[in-house]
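The structure appears below as structure tokens.
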Amino acid sequence: MITHDLRLIADAMYDKKANNVISIDLRDVEGAITDYFVICDASNTTQVGAVADNVIEKMKEEGHRLYRSQGSENNFWIIQDYGNIVVHIFMKEYRDFYRLEDLWADAPRKEMKERPASRKSPKSEK
């Protein structure tokens, strides 16, 4: 269920204090390599790594396979490929520079708000 997966990723990001989490729906974009992007930023390389590790952990708990990941050697911009969802975790300066959202400006986007802990599923609070 894609909505659940997008929410799972957003919650995992917010668990590690990520900022500005959005999803971009690319299903109607000709030539798109995936169905969705989920994008966030963090304030430093340590936090970028922590967010990335938490997304991997939560997705693995739900049985999702990580096909490919890049960027963990420097933690400026980590990309995780889950097939129909590609996750982008940026340091704030890199997100501002690359402006990935602007490249996909025609695609629908959704701000993924942080949910109170009481609304998260028990599985996502481990």
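All residue names refer to the structure tokens as shown: chains lettered A, B, ... in order, residues numbered from 1 in each chain, ligands numbered from 1 in order.
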
Per residue of region 9-54 of chain A within 6 Å of region 96-111 of chain A, record the nearest atom pair and its distance in Å to one decimal, counting only C-alpha atoms, with rows in chain order and ascending residue number, as JSON lines.
{"residue": "A:Ile22", "atom": "CA", "partner": "A:Glu111", "partner_atom": "CA", "distance": 4.4}
{"residue": "A:Ser23", "atom": "CA", "partner": "A:Lys110", "partner_atom": "CA", "distance": 5.3}
{"residue": "A:Ile24", "atom": "CA", "partner": "A:Arg109", "partner_atom": "CA", "distance": 4.3}
{"residue": "A:Asp25", "atom": "CA", "partner": "A:Pro108", "partner_atom": "CA", "distance": 5.4}
{"residue": "A:Leu26", "atom": "CA", "partner": "A:Ala107", "partner_atom": "CA", "distance": 6.0}

Near region 40-42 of chain A, counting only C-alpha atoms, which residues have an atom at most 8 Å away, once you skip same-chain residues fewer than 5 positions from it, shown as a short mmCIF file (atom, residue, chain, number, x, y, z; two decimals) with C-alpha atoms, in the first residue's frame?
data_model
loop_
_atom_site.label_atom_id
_atom_site.label_comp_id
_atom_site.auth_asym_id
_atom_site.auth_seq_id
_atom_site.Cartn_x
_atom_site.Cartn_y
_atom_site.Cartn_z
CA MET A 13 12.55 10.78 8.80
CA LYS A 17 14.45 15.22 13.32
CA ALA A 18 14.48 15.64 9.54
CA ASN A 19 12.91 18.82 8.12
CA ASN A 20 10.65 19.76 5.22
CA VAL A 21 9.49 16.26 4.27
CA ILE A 22 7.56 16.13 1.00
CA GLN A 47 21.88 13.69 11.05
CA VAL A 48 21.64 12.82 7.34
CA HIS A 88 16.35 11.69 -1.07
CA ILE A 89 17.93 12.83 2.19
CA PHE A 90 19.87 16.07 1.82
CA MET A 91 21.95 18.34 3.96
CA LYS A 92 20.00 21.60 3.86
CA ARG A 95 18.86 20.63 -1.11
#

I'd like the neighbourhood of Ile33 (chain A) as a PyMOL selection string, where a residue qualifies if any of its atoms comes within 12 Å (using only C-alpha atoms), though same-chain residues fewer than 4 positions away should be ignored.
chain A and resi 25-29+37+81-86

Put those residues in a file: N, CA and C atoms, as a PDB file, in the first residue's frame.
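Output below, filename part.pdb:
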ATOM      1  N   ASP A  25       4.570  12.954  -6.521  1.00  0.00           N
ATOM      2  CA  ASP A  25       3.912  11.882  -7.268  1.00  0.00           C
ATOM      3  C   ASP A  25       4.345  11.971  -8.733  1.00  0.00           C
ATOM      4  N   LEU A  26       5.139  11.001  -9.168  1.00  0.00           N
ATOM      5  CA  LEU A  26       5.694  11.011 -10.520  1.00  0.00           C
ATOM      6  C   LEU A  26       4.991  10.034 -11.465  1.00  0.00           C
ATOM      7  N   ARG A  27       3.905   9.433 -11.011  1.00  0.00           N
ATOM      8  CA  ARG A  27       3.254   8.391 -11.814  1.00  0.00           C
ATOM      9  C   ARG A  27       2.804   8.868 -13.190  1.00  0.00           C
ATOM     10  N   ASP A  28       2.434  10.131 -13.318  1.00  0.00           N
ATOM     11  CA  ASP A  28       1.975  10.642 -14.607  1.00  0.00           C
ATOM     12  C   ASP A  28       3.057  11.380 -15.385  1.00  0.00           C
ATOM     13  N   VAL A  29       4.281  11.336 -14.907  1.00  0.00           N
ATOM     14  CA  VAL A  29       5.399  12.009 -15.576  1.00  0.00           C
ATOM     15  C   VAL A  29       6.060  11.016 -16.525  1.00  0.00           C
ATOM     16  N   PHE A  37       8.929  10.269  -5.225  1.00  0.00           N
ATOM     17  CA  PHE A  37      10.091  10.710  -4.479  1.00  0.00           C
ATOM     18  C   PHE A  37       9.605  11.090  -3.085  1.00  0.00           C
ATOM     19  N   ASP A  81      16.831   3.677  -3.153  1.00  0.00           N
ATOM     20  CA  ASP A  81      15.894   3.206  -4.173  1.00  0.00           C
ATOM     21  C   ASP A  81      15.135   1.986  -3.657  1.00  0.00           C
ATOM     22  N   TYR A  82      13.826   2.159  -3.479  1.00  0.00           N
ATOM     23  CA  TYR A  82      12.948   1.059  -3.063  1.00  0.00           C
ATOM     24  C   TYR A  82      12.049   0.602  -4.214  1.00  0.00           C
ATOM     25  N   GLY A  83      12.436   0.885  -5.425  1.00  0.00           N
ATOM     26  CA  GLY A  83      11.644   0.485  -6.588  1.00  0.00           C
ATOM     27  C   GLY A  83      10.622   1.547  -6.939  1.00  0.00           C
ATOM     28  N   ASN A  84       9.443   1.474  -6.349  1.00  0.00           N
ATOM     29  CA  ASN A  84       8.409   2.456  -6.683  1.00  0.00           C
ATOM     30  C   ASN A  84       8.528   3.743  -5.868  1.00  0.00           C
ATOM     31  N   ILE A  85       9.452   3.775  -4.921  1.00  0.00           N
ATOM     32  CA  ILE A  85       9.726   4.986  -4.142  1.00  0.00           C
ATOM     33  C   ILE A  85      11.238   5.193  -4.091  1.00  0.00           C
ATOM     34  N   VAL A  86      11.667   6.421  -4.384  1.00  0.00           N
ATOM     35  CA  VAL A  86      13.076   6.792  -4.233  1.00  0.00           C
ATOM     36  C   VAL A  86      13.138   7.897  -3.178  1.00  0.00           C
TER      37      VAL A  86
END

I'd like to know which residues of chain A are helix (DSSP H, G or I) (by DSSP, run on the backbone); could you write them as an NGL selection string?
:A and (2-15 or 45-61 or 92-98 or 100-103 or 117-119 or 122-125)

Write the selection just made, keeping N, CA and C atoms, as a tab-separated table (two decimals), in the first residue's frame?
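Output contents, as saved in again.tsv:
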chain	number	residue	atom	x	y	z
A	2	ILE	N	0.87	1.99	-1.06
A	2	ILE	CA	1.81	3.09	-1.26
A	2	ILE	C	1.63	4.21	-0.24
A	3	THR	N	0.40	4.56	0.10
A	3	THR	CA	0.18	5.63	1.08
A	3	THR	C	0.82	5.28	2.42
A	4	HIS	N	0.66	4.04	2.82
A	4	HIS	CA	1.27	3.58	4.07
A	4	HIS	C	2.79	3.68	3.99
A	5	ASP	N	3.37	3.30	2.87
A	5	ASP	CA	4.82	3.34	2.71
A	5	ASP	C	5.35	4.77	2.74
A	6	LEU	N	4.66	5.69	2.09
A	6	LEU	CA	5.07	7.09	2.11
A	6	LEU	C	5.03	7.64	3.53
A	7	ARG	N	3.98	7.30	4.26
A	7	ARG	CA	3.84	7.74	5.65
A	7	ARG	C	4.92	7.12	6.54
A	8	LEU	N	5.20	5.84	6.31
A	8	LEU	CA	6.24	5.13	7.06
A	8	LEU	C	7.59	5.83	6.89
A	9	ILE	N	7.91	6.17	5.66
A	9	ILE	CA	9.18	6.86	5.37
A	9	ILE	C	9.20	8.23	6.03
A	10	ALA	N	8.12	8.99	5.91
A	10	ALA	CA	8.06	10.32	6.53
A	10	ALA	C	8.21	10.23	8.04
A	11	ASP	N	7.52	9.28	8.66
A	11	ASP	CA	7.64	9.10	10.11
A	11	ASP	C	9.07	8.74	10.50
A	12	ALA	N	9.71	7.86	9.72
A	12	ALA	CA	11.09	7.48	10.00
A	12	ALA	C	12.02	8.70	9.90
A	13	MET	N	11.75	9.56	8.94
A	13	MET	CA	12.55	10.78	8.80
A	13	MET	C	12.35	11.70	10.00
A	14	TYR	N	11.09	11.94	10.35
A	14	TYR	CA	10.81	12.83	11.48
A	14	TYR	C	11.31	12.26	12.80
A	15	ASP	N	11.35	10.94	12.92
A	15	ASP	CA	11.89	10.31	14.14
A	15	ASP	C	13.31	10.77	14.42
A	45	THR	N	25.86	16.25	8.49
A	45	THR	CA	26.09	14.92	7.91
A	45	THR	C	25.73	13.79	8.88
A	46	THR	N	25.96	14.00	10.16
A	46	THR	CA	25.59	12.97	11.14
A	46	THR	C	24.09	12.74	11.13
A	47	GLN	N	23.34	13.81	11.07
A	47	GLN	CA	21.88	13.69	11.05
A	47	GLN	C	21.40	13.08	9.74
A	48	VAL	N	22.00	13.44	8.62
A	48	VAL	CA	21.64	12.82	7.34
A	48	VAL	C	21.82	11.31	7.42
A	49	GLY	N	22.95	10.87	7.97
A	49	GLY	CA	23.20	9.44	8.13
A	49	GLY	C	22.20	8.77	9.05
A	50	ALA	N	21.85	9.43	10.14
A	50	ALA	CA	20.88	8.86	11.08
A	50	ALA	C	19.51	8.73	10.45
A	51	VAL	N	19.09	9.74	9.69
A	51	VAL	CA	17.80	9.68	8.99
A	51	VAL	C	17.81	8.51	8.00
A	52	ALA	N	18.87	8.41	7.22
A	52	ALA	CA	18.97	7.35	6.21
A	52	ALA	C	18.92	5.97	6.87
A	53	ASP	N	19.68	5.79	7.95
A	53	ASP	CA	19.69	4.51	8.65
A	53	ASP	C	18.31	4.16	9.19
A	54	ASN	N	17.59	5.16	9.70
A	54	ASN	CA	16.26	4.90	10.26
A	54	ASN	C	15.25	4.54	9.18
A	55	VAL	N	15.34	5.19	8.02
A	55	VAL	CA	14.46	4.83	6.91
A	55	VAL	C	14.71	3.39	6.49
A	56	ILE	N	15.97	3.02	6.36
A	56	ILE	CA	16.32	1.65	5.99
A	56	ILE	C	15.74	0.66	7.01
A	57	GLU	N	15.94	0.95	8.28
A	57	GLU	CA	15.46	0.06	9.34
A	57	GLU	C	13.94	-0.11	9.30
A	58	LYS	N	13.22	1.00	9.21
A	58	LYS	CA	11.75	0.94	9.23
A	58	LYS	C	11.21	0.25	7.98
A	59	MET	N	11.81	0.52	6.83
A	59	MET	CA	11.35	-0.13	5.60
A	59	MET	C	11.65	-1.63	5.64
A	60	LYS	N	12.80	-2.00	6.18
A	60	LYS	CA	13.15	-3.42	6.29
A	60	LYS	C	12.18	-4.14	7.22
A	61	GLU	N	11.80	-3.49	8.33
A	61	GLU	CA	10.83	-4.07	9.26
A	61	GLU	C	9.50	-4.37	8.57
A	92	LYS	N	20.81	20.45	4.27
A	92	LYS	CA	20.00	21.60	3.86
A	92	LYS	C	20.65	22.39	2.72
A	93	GLU	N	21.94	22.65	2.81
A	93	GLU	CA	22.61	23.44	1.77
A	93	GLU	C	22.56	22.75	0.40
A	94	TYR	N	22.66	21.44	0.40
A	94	TYR	CA	22.63	20.69	-0.86
A	94	TYR	C	21.23	20.68	-1.45
A	95	ARG	N	20.24	20.57	-0.61
A	95	ARG	CA	18.86	20.63	-1.11
A	95	ARG	C	18.58	22.00	-1.72
A	96	ASP	N	19.02	23.05	-1.05
A	96	ASP	CA	18.83	24.40	-1.58
A	96	ASP	C	19.57	24.59	-2.90
A	97	PHE	N	20.75	24.00	-3.04
A	97	PHE	CA	21.54	24.15	-4.25
A	97	PHE	C	20.94	23.37	-5.43
A	98	TYR	N	20.61	22.10	-5.21
A	98	TYR	CA	20.15	21.25	-6.31
A	98	TYR	C	18.68	21.46	-6.66
A	100	LEU	N	15.85	19.97	-6.25
A	100	LEU	CA	15.24	18.81	-6.90
A	100	LEU	C	13.75	18.99	-7.14
A	101	GLU	N	13.07	19.60	-6.18
A	101	GLU	CA	11.63	19.82	-6.32
A	101	GLU	C	11.31	20.67	-7.55
A	102	ASP	N	12.18	21.62	-7.87
A	102	ASP	CA	11.95	22.49	-9.02
A	102	ASP	C	12.07	21.73	-10.34
A	103	LEU	N	12.90	20.69	-10.37
A	103	LEU	CA	13.03	19.89	-11.59
A	103	LEU	C	11.75	19.13	-11.91
A	117	ALA	N	3.32	11.51	18.31
A	117	ALA	CA	3.71	10.13	18.58
A	117	ALA	C	2.51	9.22	18.77
A	118	SER	N	1.42	9.74	19.31
A	118	SER	CA	0.24	8.93	19.58
A	118	SER	C	-0.45	8.46	18.30
A	119	ARG	N	-0.18	9.09	17.17
A	119	ARG	CA	-0.81	8.72	15.90
A	119	ARG	C	0.04	7.75	15.08
A	122	PRO	N	2.25	1.44	16.39
A	122	PRO	CA	3.18	0.90	17.39
A	122	PRO	C	4.44	0.34	16.76
A	123	LYS	N	4.35	-0.23	15.58
A	123	LYS	CA	5.51	-0.80	14.90
A	123	LYS	C	6.55	0.28	14.60
A	124	SER	N	6.09	1.51	14.28
A	124	SER	CA	7.04	2.56	13.90
A	124	SER	C	7.68	3.21	15.11
A	125	GLU	N	7.28	2.84	16.32
A	125	GLU	CA	7.86	3.45	17.52
A	125	GLU	C	8.96	2.60	18.13

Could you pull out the residues in chain A that DSSP calls strand (DSSP E or B) from the backbone, as a ChimeraX atom specification?
/A:19-25,36-42,68-70,77-81,85-91,109-111

Just how far from CA of Lys16 (chain A) is CA of Gly71 (chain A), in Å to one decimal?
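Pair CA of Gly71 (chain A) / CA of Lys16 (chain A) returns 17.9 Å.
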
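We find CA of His64 (chain A) and CA of Glu30 (chain A) to be spaced 25.3 Å apart.
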
What is the distance, in Å and to one decimal place, between CA of Ser43 (chain A) and CA of Gly63 (chain A)?
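Separation between CA of Ser43 (chain A) and CA of Gly63 (chain A): 29.2 Å.
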